[in-house]
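Okay, protein.cif now, which holds mmCIF, C-alpha atoms:
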```
data_work
#
loop_
_atom_site.label_atom_id
_atom_site.label_comp_id
_atom_site.auth_asym_id
_atom_site.auth_seq_id
_atom_site.Cartn_x
_atom_site.Cartn_y
_atom_site.Cartn_z
CA MET A 1 18.44 -28.52 -1.22
CA PHE A 2 15.48 -26.47 0.03
CA ASN A 3 13.24 -27.72 2.81
CA PHE A 4 11.38 -26.35 5.83
CA ASP A 5 10.98 -28.09 9.18
CA ILE A 6 8.94 -26.88 12.14
CA ILE A 7 10.55 -27.82 15.44
CA SER A 8 8.25 -26.14 17.95
CA LYS A 9 4.86 -24.44 18.22
CA SER A 10 3.41 -22.10 20.81
CA SER A 11 0.49 -23.62 22.72
CA THR A 12 -1.27 -20.26 23.16
CA THR A 13 -0.64 -18.59 19.78
CA LYS A 14 0.02 -19.67 16.20
CA ALA A 15 3.73 -18.84 16.50
CA ARG A 16 6.13 -21.53 15.35
CA ALA A 17 9.90 -22.02 15.22
CA GLY A 18 11.64 -23.89 12.44
CA TYR A 19 14.57 -24.33 10.08
CA ILE A 20 14.81 -23.49 6.40
CA ASN A 21 17.57 -25.41 4.66
CA THR A 22 19.15 -23.71 1.62
CA SER A 23 22.23 -24.33 -0.51
CA HIS A 24 23.99 -21.49 1.35
CA GLY A 25 23.08 -22.51 4.88
CA ILE A 26 20.32 -23.06 7.40
CA ILE A 27 17.97 -20.26 8.45
CA GLU A 28 16.37 -20.32 11.89
CA THR A 29 12.80 -19.02 11.88
CA PRO A 30 11.12 -16.72 12.63
CA VAL A 31 13.62 -14.57 10.77
CA PHE A 32 14.09 -10.94 9.79
CA MET A 33 15.93 -10.18 6.55
CA PRO A 34 17.76 -6.83 6.21
CA VAL A 35 17.27 -5.24 2.80
CA GLY A 36 20.34 -5.06 0.56
CA THR A 37 18.71 -3.61 -2.54
CA LEU A 38 21.89 -3.08 -4.58
CA ALA A 39 23.87 -6.05 -3.18
CA SER A 40 24.69 -3.91 -0.15
CA VAL A 41 22.97 -3.25 3.16
CA LYS A 42 23.51 0.49 3.26
CA SER A 43 26.51 1.74 5.29
CA ILE A 44 27.66 -1.63 6.71
CA SER A 45 29.68 -4.58 5.40
CA PRO A 46 28.84 -8.28 5.07
CA GLU A 47 31.29 -8.86 7.92
CA ASP A 48 29.24 -6.48 10.09
CA LEU A 49 26.11 -8.44 9.21
CA LEU A 50 27.73 -11.70 10.29
CA ASP A 51 28.87 -10.17 13.58
CA ILE A 52 25.32 -8.93 14.22
CA GLY A 53 23.89 -12.41 13.62
CA VAL A 54 22.12 -11.83 10.31
CA GLN A 55 21.25 -15.12 8.61
CA ILE A 56 19.79 -14.02 5.27
CA ILE A 57 19.59 -10.76 3.33
CA LEU A 58 17.28 -9.50 0.60
CA GLY A 59 18.34 -8.21 -2.82
CA ASN A 60 16.31 -6.55 -5.54
CA THR A 61 15.84 -8.09 -8.98
CA TYR A 62 14.87 -4.84 -10.74
CA HIS A 63 17.83 -2.83 -9.46
CA LEU A 64 20.45 -5.56 -9.94
CA TYR A 65 19.18 -6.31 -13.43
CA LEU A 66 19.66 -2.67 -14.44
CA ARG A 67 22.92 -2.21 -12.56
CA PRO A 68 25.38 -3.95 -12.59
CA GLY A 69 23.46 -6.45 -14.75
CA CYS A 70 23.75 -10.18 -15.24
CA GLU A 71 26.77 -9.83 -17.53
CA THR A 72 28.75 -8.66 -14.51
CA ILE A 73 27.06 -10.93 -11.94
CA ASN A 74 27.78 -14.00 -14.09
CA LEU A 75 31.52 -13.31 -13.79
CA PHE A 76 31.13 -14.15 -10.10
CA SER A 77 28.70 -17.07 -10.45
CA GLY A 78 26.05 -15.14 -8.61
CA MET A 79 25.39 -12.46 -6.05
CA HIS A 80 27.07 -14.26 -3.12
CA ASP A 81 30.59 -14.09 -4.55
CA PHE A 82 29.98 -10.67 -6.08
CA MET A 83 29.27 -9.08 -2.69
CA ASN A 84 31.25 -11.55 -0.53
CA TRP A 85 28.18 -12.72 1.38
CA LYS A 86 28.28 -16.46 2.00
CA GLY A 87 24.85 -16.85 3.59
CA PRO A 88 21.43 -17.25 1.97
CA ILE A 89 19.91 -14.51 -0.20
CA LEU A 90 16.28 -13.85 -1.10
CA THR A 91 15.45 -11.66 -4.09
CA ASP A 92 12.09 -10.06 -4.81
CA SER A 93 10.67 -10.24 -8.31
CA GLY A 94 11.07 -6.57 -9.27
CA GLY A 95 7.38 -6.03 -9.83
CA PHE A 96 6.97 -3.45 -7.08
CA GLN A 97 9.95 -1.43 -8.32
CA VAL A 98 8.61 -1.35 -11.88
CA PHE A 99 5.28 -0.22 -10.44
CA SER A 100 6.79 2.51 -8.25
CA LEU A 101 10.04 3.64 -9.93
CA ALA A 102 10.10 2.99 -13.65
CA LYS A 103 9.27 5.66 -16.19
CA LEU A 104 6.35 5.05 -18.57
CA SER A 105 5.67 1.52 -17.36
CA LYS A 106 2.86 -0.48 -18.96
CA ILE A 107 1.41 -3.79 -17.86
CA THR A 108 -0.07 -6.46 -20.14
CA GLU A 109 -0.65 -10.17 -19.69
CA GLU A 110 2.81 -10.72 -21.15
CA GLY A 111 4.55 -8.68 -18.42
CA TYR A 112 5.80 -5.19 -17.59
CA SER A 113 7.27 -2.96 -20.29
CA PHE A 114 9.10 -0.02 -18.78
CA GLN A 115 11.84 2.55 -19.10
CA SER A 116 14.74 2.46 -16.67
CA HIS A 117 14.68 5.13 -13.97
CA ILE A 118 18.47 5.35 -14.45
CA ASP A 119 18.90 6.09 -18.15
CA GLY A 120 15.46 5.78 -19.77
CA SER A 121 16.37 2.59 -21.67
CA SER A 122 13.48 0.29 -22.61
CA HIS A 123 12.99 -3.14 -21.00
CA MET A 124 10.47 -5.96 -20.73
CA LEU A 125 10.05 -7.88 -17.48
CA THR A 126 8.06 -11.06 -17.99
CA PRO A 127 7.57 -13.88 -15.47
CA GLU A 128 10.17 -15.89 -17.37
CA LYS A 129 12.61 -12.97 -17.38
CA ALA A 130 12.15 -12.44 -13.64
CA VAL A 131 13.12 -16.06 -13.00
CA GLU A 132 16.02 -15.87 -15.45
CA ILE A 133 17.47 -12.83 -13.64
CA GLN A 134 17.09 -14.46 -10.23
CA VAL A 135 18.76 -17.64 -11.46
CA CYS A 136 21.64 -15.43 -12.64
CA LEU A 137 21.76 -13.87 -9.15
CA ASN A 138 21.73 -17.42 -7.69
CA SER A 139 19.11 -16.39 -5.16
CA ASP A 140 18.45 -19.09 -2.59
CA ILE A 141 14.82 -17.94 -2.54
CA MET A 142 13.31 -16.35 -5.65
CA MET A 143 9.95 -14.63 -5.86
CA CYS A 144 7.35 -14.99 -8.60
CA LEU A 145 6.54 -11.87 -10.57
CA ASP A 146 3.33 -10.30 -9.28
CA GLN A 147 1.17 -7.30 -10.10
CA CYS A 148 1.30 -4.58 -7.49
CA ILE A 149 -1.62 -2.19 -7.06
CA LYS A 150 -2.07 1.12 -5.29
CA TYR A 151 -3.95 1.65 -2.06
CA PRO A 152 -6.83 2.11 -1.98
CA ALA A 153 -7.86 -0.07 -4.92
CA SER A 154 -11.30 -1.13 -6.05
CA ARG A 155 -12.45 -4.72 -5.83
CA GLU A 156 -12.26 -4.99 -9.61
CA GLU A 157 -8.66 -3.74 -9.66
CA ALA A 158 -7.68 -6.11 -6.85
CA GLY A 159 -9.39 -9.05 -8.54
CA ASN A 160 -7.76 -8.43 -11.90
CA ALA A 161 -4.32 -8.07 -10.31
CA MET A 162 -4.84 -11.25 -8.32
CA GLU A 163 -5.81 -13.21 -11.45
CA LEU A 164 -2.82 -11.94 -13.40
CA THR A 165 -0.49 -12.70 -10.48
CA THR A 166 -1.78 -16.29 -10.46
CA LYS A 167 -1.19 -16.70 -14.21
CA TRP A 168 2.29 -15.28 -13.84
CA ALA A 169 3.05 -17.62 -10.93
CA SER A 170 2.24 -20.61 -13.14
CA ARG A 171 4.59 -19.30 -15.85
CA CYS A 172 7.27 -18.60 -13.25
CA LYS A 173 7.07 -22.18 -12.01
CA THR A 174 7.52 -23.53 -15.53
CA ALA A 175 10.55 -21.31 -16.09
CA TRP A 176 11.94 -22.25 -12.65
CA GLU A 177 11.59 -25.98 -13.34
CA ASP A 178 13.13 -25.59 -16.80
CA SER A 179 16.15 -23.77 -15.30
CA GLY A 180 17.16 -26.80 -13.25
CA THR A 181 18.10 -24.66 -10.25
CA GLU A 182 18.11 -26.17 -6.76
CA ASN A 183 17.00 -22.84 -5.30
CA ALA A 184 13.42 -22.23 -4.17
CA LEU A 185 10.59 -20.23 -5.75
CA PHE A 186 7.89 -18.56 -3.62
CA GLY A 187 4.47 -17.41 -4.77
CA ILE A 188 2.92 -14.13 -3.66
CA VAL A 189 -0.66 -13.86 -2.41
CA GLN A 190 -2.46 -10.78 -3.68
CA GLY A 191 -6.06 -9.60 -3.45
CA GLY A 192 -5.87 -6.09 -2.08
CA MET A 193 -7.76 -5.52 1.16
CA PHE A 194 -10.43 -8.10 0.33
CA ASP A 195 -10.36 -11.25 2.47
CA ASP A 196 -12.23 -13.42 -0.02
CA LEU A 197 -9.87 -12.47 -2.86
CA ARG A 198 -6.90 -13.27 -0.63
CA LYS A 199 -8.39 -16.72 -0.03
CA VAL A 200 -8.88 -17.32 -3.76
CA SER A 201 -5.32 -16.18 -4.43
CA ALA A 202 -3.85 -18.45 -1.74
CA GLN A 203 -5.80 -21.48 -2.94
CA ALA A 204 -4.79 -20.92 -6.56
CA LEU A 205 -1.11 -20.61 -5.62
CA MET A 206 -1.30 -23.78 -3.52
CA GLU A 207 -2.58 -25.64 -6.57
CA ILE A 208 0.52 -24.49 -8.45
CA ASP A 209 2.49 -26.03 -5.54
CA LEU A 210 5.54 -23.93 -4.72
CA PRO A 211 8.18 -24.34 -1.96
CA GLY A 212 6.93 -21.31 -0.02
CA TYR A 213 4.39 -18.50 -0.02
CA ALA A 214 4.41 -14.79 0.72
CA VAL A 215 1.68 -12.31 1.58
CA GLY A 216 2.22 -9.27 -0.65
CA GLY A 217 0.45 -6.00 -1.30
CA LEU A 218 0.64 -4.77 2.30
CA SER A 219 2.46 -1.81 3.87
CA VAL A 220 1.34 0.28 0.91
CA GLY A 221 -0.40 2.96 2.95
CA GLU A 222 -3.24 1.04 4.54
CA PRO A 223 -3.99 1.58 8.26
CA LYS A 224 -2.07 -0.74 10.58
CA GLU A 225 -5.22 -2.42 11.84
CA ILE A 226 -6.19 -3.40 8.28
CA MET A 227 -2.70 -4.77 7.62
CA LEU A 228 -2.87 -6.94 10.75
CA GLU A 229 -6.39 -8.03 9.89
CA ILE A 230 -5.33 -9.12 6.39
CA GLY A 231 -2.38 -10.98 7.90
CA GLU A 232 -4.65 -12.72 10.41
CA GLN A 233 -7.12 -13.69 7.69
CA THR A 234 -4.58 -14.75 5.05
CA LEU A 235 -1.89 -16.68 6.95
CA PRO A 236 -4.25 -19.59 7.84
CA PHE A 237 -5.03 -20.05 4.13
CA LEU A 238 -1.40 -21.02 3.50
CA PRO A 239 -0.06 -24.55 4.13
CA ASP A 240 1.57 -25.02 7.53
CA ARG A 241 4.27 -27.26 6.09
CA LYS A 242 5.76 -24.39 4.08
CA PRO A 243 7.34 -21.03 5.05
CA LYS A 244 5.00 -18.05 5.35
CA TYR A 245 6.58 -14.72 4.44
CA MET A 246 5.09 -11.27 5.18
CA MET A 247 6.64 -8.91 2.62
CA GLY A 248 7.77 -5.39 3.50
CA ILE A 249 6.72 -5.45 7.16
CA GLY A 250 7.48 -3.83 9.59
CA THR A 251 7.77 -2.24 12.98
CA PRO A 252 8.87 -4.29 15.99
CA GLU A 253 5.24 -4.39 17.11
CA ASP A 254 4.20 -5.69 13.67
CA LEU A 255 6.77 -8.49 13.88
CA VAL A 256 5.61 -9.59 17.31
CA GLU A 257 1.92 -9.61 16.35
CA LEU A 258 2.47 -11.39 13.03
CA VAL A 259 4.78 -14.04 14.47
CA ALA A 260 1.97 -14.75 16.94
CA LEU A 261 -0.31 -15.19 13.91
CA GLY A 262 2.01 -17.77 12.32
CA ALA A 263 4.35 -15.79 10.04
CA ASP A 264 7.93 -17.07 9.63
CA MET A 265 9.79 -14.49 7.48
CA PHE A 266 9.95 -10.70 7.28
CA ASP A 267 11.85 -7.94 5.49
CA CYS A 268 11.69 -4.18 5.77
CA VAL A 269 13.89 -1.14 5.12
CA MET A 270 12.82 0.37 8.43
CA PRO A 271 15.87 -0.49 10.58
CA THR A 272 18.35 0.79 7.98
CA ARG A 273 16.36 3.78 6.73
CA ASN A 274 15.45 4.90 10.24
CA ALA A 275 19.09 4.55 11.30
CA ARG A 276 20.16 7.03 8.63
CA ASN A 277 17.45 9.41 9.87
CA GLY A 278 18.56 9.19 13.50
CA GLN A 279 15.64 7.02 14.61
CA LEU A 280 16.93 4.24 16.87
CA PHE A 281 15.04 1.28 18.30
CA THR A 282 15.21 0.43 22.01
CA ARG A 283 13.19 -1.71 24.38
CA TYR A 284 11.34 1.50 25.39
CA GLY A 285 10.42 2.35 21.81
CA THR A 286 12.03 4.52 19.14
CA ILE A 287 14.19 7.50 20.10
CA ASN A 288 15.45 10.42 18.01
CA ILE A 289 19.19 10.64 18.65
CA SER A 290 19.26 14.28 17.51
CA ASN A 291 17.23 15.29 20.58
CA ALA A 292 19.03 17.90 22.66
CA ARG A 293 18.58 15.88 25.85
CA PHE A 294 21.26 13.47 24.63
CA ARG A 295 23.92 16.18 24.22
CA HIS A 296 25.62 15.42 27.56
CA ASP A 297 24.38 11.84 28.01
CA THR A 298 27.34 9.55 28.72
CA ASP A 299 25.29 6.35 28.83
CA PRO A 300 25.14 3.88 25.95
CA LEU A 301 22.10 4.06 23.71
CA ASP A 302 20.58 1.04 25.45
CA PRO A 303 22.48 -0.28 28.50
CA GLU A 304 20.99 -3.75 28.01
CA CYS A 305 21.89 -3.97 24.32
CA GLY A 306 24.92 -6.07 23.37
CA CYS A 307 25.59 -4.57 19.93
CA TYR A 308 28.95 -3.09 18.93
CA THR A 309 27.55 0.43 19.06
CA CYS A 310 26.13 0.15 22.57
CA ARG A 311 29.25 -1.60 23.87
CA ASN A 312 31.54 1.19 22.70
CA TYR A 313 29.77 4.54 22.25
CA SER A 314 27.63 6.97 24.23
CA ARG A 315 24.40 8.69 23.32
CA ALA A 316 26.27 12.00 23.37
CA TYR A 317 28.75 10.74 20.78
CA LEU A 318 26.03 9.25 18.59
CA ARG A 319 24.17 12.57 18.73
CA HIS A 320 27.36 14.45 17.85
CA LEU A 321 28.00 12.21 14.82
CA TYR A 322 24.43 12.54 13.59
CA THR A 323 24.10 16.30 14.00
CA SER A 324 27.56 16.77 12.42
CA ARG A 325 26.50 14.60 9.44
CA GLU A 326 29.48 12.31 9.98
CA LEU A 327 29.36 9.13 7.86
CA LEU A 328 30.23 7.02 10.90
CA SER A 329 26.79 7.92 12.25
CA TYR A 330 25.13 5.83 9.53
CA ARG A 331 27.26 2.79 10.29
CA LEU A 332 26.90 2.85 14.08
CA ASN A 333 23.16 3.58 13.97
CA THR A 334 22.56 0.86 11.38
CA ILE A 335 24.52 -1.74 13.34
CA HIS A 336 22.39 -0.99 16.40
CA ASN A 337 19.03 -1.06 14.61
CA ILE A 338 19.70 -4.30 12.73
CA TYR A 339 21.01 -5.89 15.91
CA TYR A 340 17.80 -4.86 17.65
CA PHE A 341 15.65 -6.53 15.00
CA ILE A 342 17.78 -9.69 14.85
CA THR A 343 17.81 -10.03 18.63
CA LEU A 344 14.05 -9.49 18.77
CA MET A 345 13.56 -12.43 16.39
CA GLN A 346 15.93 -14.58 18.44
CA ARG A 347 13.99 -13.78 21.60
CA MET A 348 10.75 -14.76 19.92
CA ARG A 349 12.23 -18.03 18.68
CA THR A 350 13.44 -18.88 22.18
CA ALA A 351 10.01 -18.04 23.62
CA ILE A 352 8.31 -20.32 21.10
CA ILE A 353 10.66 -23.21 21.88
CA ASP A 354 10.20 -22.65 25.63
CA ASP A 355 6.43 -22.22 25.11
CA SER A 356 6.51 -18.87 26.88
CA PHE A 357 5.33 -16.59 24.07
CA ASP A 358 2.67 -14.87 26.17
CA ALA A 359 5.27 -13.99 28.80
CA PHE A 360 7.57 -12.72 26.05
CA LYS A 361 4.81 -10.42 24.74
CA ARG A 362 4.21 -8.99 28.20
CA ASP A 363 7.94 -8.34 28.62
CA PHE A 364 8.07 -6.76 25.16
CA TYR A 365 5.16 -4.35 25.66
CA GLU A 366 5.63 -3.42 29.34
CA PRO A 367 8.65 -1.06 28.94
CA ARG A 368 7.03 0.49 25.86
CA ASN A 369 3.85 1.23 27.73
CA SER A 370 5.67 2.52 30.81
CA GLY A 371 8.24 4.55 28.81
#
```
Here is the file; what I need is its structure written in the form of structure tokens.
Amino acid sequence: MFNFDIISKSSTTKARAGYINTSHGIIETPVFMPVGTLASVKSISPEDLLDIGVQIILGNTYHLYLRPGCETINLFSGMHDFMNWKGPILTDSGGFQVFSLAKLSKITEEGYSFQSHIDGSSHMLTPEKAVEIQVCLNSDIMMCLDQCIKYPASREEAGNAMELTTKWASRCKTAWEDSGTENALFGIVQGGMFDDLRKVSAQALMEIDLPGYAVGGLSVGEPKEIMLEIGEQTLPFLPDRKPKYMMGIGTPEDLVELVALGADMFDCVMPTRNARNGQLFTRYGTINISNARFRHDTDPLDPECGCYTCRNYSRAYLRHLYTSRELLSYRLNTIHNIYYFITLMQRMRTAIIDDSFDAFKRDFYEPRNSG
């Protein structure tokens, strides 16, 4: 069921527009995926996501394995029916969460042994287990288990993690093929902040031959210029005929720059997390809705925005909800921020198809620089 077709390329950048075909629908690229860690994009419903124009969401293998668990998910034949989301779903492998959340985690060549952050119970996450869980979730796109490392990391640490990630990718592919699933499996390029290790990682994953590839190990505290440099260096190593996914990135500016470098897929908690903290995205940049200057402001958040929030509510009301800690604040702010990100990706896709990406970039940056 899975395939990727490029329909248009920019003549002045490496940006490209395409289609990803999955068993739960077609995804237009470049695409941004809101994060639904626990089978829920925080504060809004699947129906809200559809109204906004979201095509695909991201779920988390580690969290869904621990709670509610595959015993429950199997009653619904996967995550789609469980959460009433009919579109495509991508799930990460769980490796980052074990690395960052689990108690007393230990890594060996076999996999991660760890204690749950919820109840302290003991678990083992191997490459095979990561695939098994994602097959249970019926993820349209599954991710290979990888080893995550801290920033900064030494060359030796980055090299060892890259080698283990490659071995695990091979085991994941075997488990994926044995499962008989029609869903796709993506490999994850590692290598820390070392360009040559990234190249070795990408080449090794290409030899394993997977339906798509992701660039992992970024947005872990490194300076933005290094992140963009690694993206610029690594994306050309990956095959053009397959989707290229930048994991855990980013700001609107990051998305624009990385689409121009040839990336197709993105996810990040930023639009939802920032929404809950009163940070709202506009064409002029990010604003803090709690600012006192909005107390008597009767205008919509962004007069040119077509989202439900901007069509119906004022800045003064949004400020009132947020400063009063009303739950509606989370929903309205989240709807706006996700709409902003989805619309931004749609604008980039149109610019690629029209071969006007340079003009789009000027229009994107001009109000930010003048505001």
- Using the chain letters and numbering of this document, enumerate as a ChimeraX atom specification the residues selected by the PyMOL selection byres ((chain A and resi 300) around 12). /A:282,289,294,296-299,301-319,336
- Task: Apply the PyMOL selection byres ((chain A and resi 53) around 12) to the displayed file and report the matching residues as a PyMOL selection string.
- Result: chain A and resi 27-28+31-34+46-52+54-57+87+306-308+335-336+338-346
- Please provide as a list in words all residues within 8 Å of Asp355 in chain A, with the sequence filter that same-chain residues fewer than 5 positions apart are discarded (counting only C-alpha atoms). Lys9, Ser10 and Ser11 of chain A
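Considering only C-alpha atoms, the residue among A:Arg273, A:Met124, A:Gly78, A:Met83 positioned nearest to Leu38 in chain A is A:Met83.
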- Between A:Gly192, A:Glu222, A:Cys172, A:Met227, which is the closest to Leu205 in chain A once you count all atoms listed in the file?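 Result for the nearest residue to Leu205 in chain A: A:Cys172.
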- Item | Test item: residues at most 10 Å from range 121-123 of chain A, all atoms listed in the file, excluding those fewer than 4 positions along its chain, as a PyMOL selection string | chain A and resi 66+102-105+112-117
- Task: Go through A:His24, A:Trp85, A:Ala260, A:Ala158 and flag the residue nearest Asn183 in chain A, using only C-alpha atoms for the distances.
- Result: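 Of the candidates, the smallest distance to Asn183 in chain A is held by A:His24.
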- Query: Looking at A:Ser45, A:Ser219, A:Thr350, A:Ser23, which one is nearest to Met247 in chain A, with distances taken over only C-alpha atoms?
  - Reply: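 The closest residue to Met247 in chain A is A:Ser219.
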- Task: Give as a ChimeraX atom specification the residues that the PyMOL selection byres ((chain A and resi 200) around 10) matches when applied to the coordinates above.
- Result: /A:159,162-163,166,189-191,195-199,201-206,237
Would you mind exporting the chosen residues as a compact mmCIF listing (two decimals), in the coordinates of the input, restricted to C-alpha atoms?
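That gives us selection.txt:
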```txt
# COMPACT_ATOMS: atom_id res chain seq x y z
CA GLY A 159 -9.39 -9.05 -8.54
CA MET A 162 -4.84 -11.25 -8.32
CA GLU A 163 -5.81 -13.21 -11.45
CA THR A 166 -1.78 -16.29 -10.46
CA VAL A 189 -0.66 -13.86 -2.41
CA GLN A 190 -2.46 -10.78 -3.68
CA GLY A 191 -6.06 -9.60 -3.45
CA ASP A 195 -10.36 -11.25 2.47
CA ASP A 196 -12.23 -13.42 -0.02
CA LEU A 197 -9.87 -12.47 -2.86
CA ARG A 198 -6.90 -13.27 -0.63
CA LYS A 199 -8.39 -16.72 -0.03
CA SER A 201 -5.32 -16.18 -4.43
CA ALA A 202 -3.85 -18.45 -1.74
CA GLN A 203 -5.80 -21.48 -2.94
CA ALA A 204 -4.79 -20.92 -6.56
CA LEU A 205 -1.11 -20.61 -5.62
CA MET A 206 -1.30 -23.78 -3.52
CA PHE A 237 -5.03 -20.05 4.13
```
- Message: For a cutoff of 12 Å around the file-coordinate point (13.9, 7.3, 8.3), which residues qualify once you count only C-alpha atoms? I'd like the result as a PyMOL selection string.
- Response: chain A and resi 268-281+286-288+330+333-334+337
Please write the residues from the selection above to a file, keeping C-alpha atoms, as a compact mmCIF listing (two decimals), in the frame of the given file.
```txt
# COMPACT_ATOMS: atom_id res chain seq x y z
CA CYS A 268 11.69 -4.18 5.77
CA VAL A 269 13.89 -1.14 5.12
CA MET A 270 12.82 0.37 8.43
CA PRO A 271 15.87 -0.49 10.58
CA THR A 272 18.35 0.79 7.98
CA ARG A 273 16.36 3.78 6.73
CA ASN A 274 15.45 4.90 10.24
CA ALA A 275 19.09 4.55 11.30
CA ARG A 276 20.16 7.03 8.63
CA ASN A 277 17.45 9.41 9.87
CA GLY A 278 18.56 9.19 13.50
CA GLN A 279 15.64 7.02 14.61
CA LEU A 280 16.93 4.24 16.87
CA PHE A 281 15.04 1.28 18.30
CA THR A 286 12.03 4.52 19.14
CA ILE A 287 14.19 7.50 20.10
CA ASN A 288 15.45 10.42 18.01
CA TYR A 330 25.13 5.83 9.53
CA ASN A 333 23.16 3.58 13.97
CA THR A 334 22.56 0.86 11.38
CA ASN A 337 19.03 -1.06 14.61
```
- What is the CA of Pro211 in chain A-CA of Lys150 in chain A distance in Å, reported with one decimal? 27.6 Å
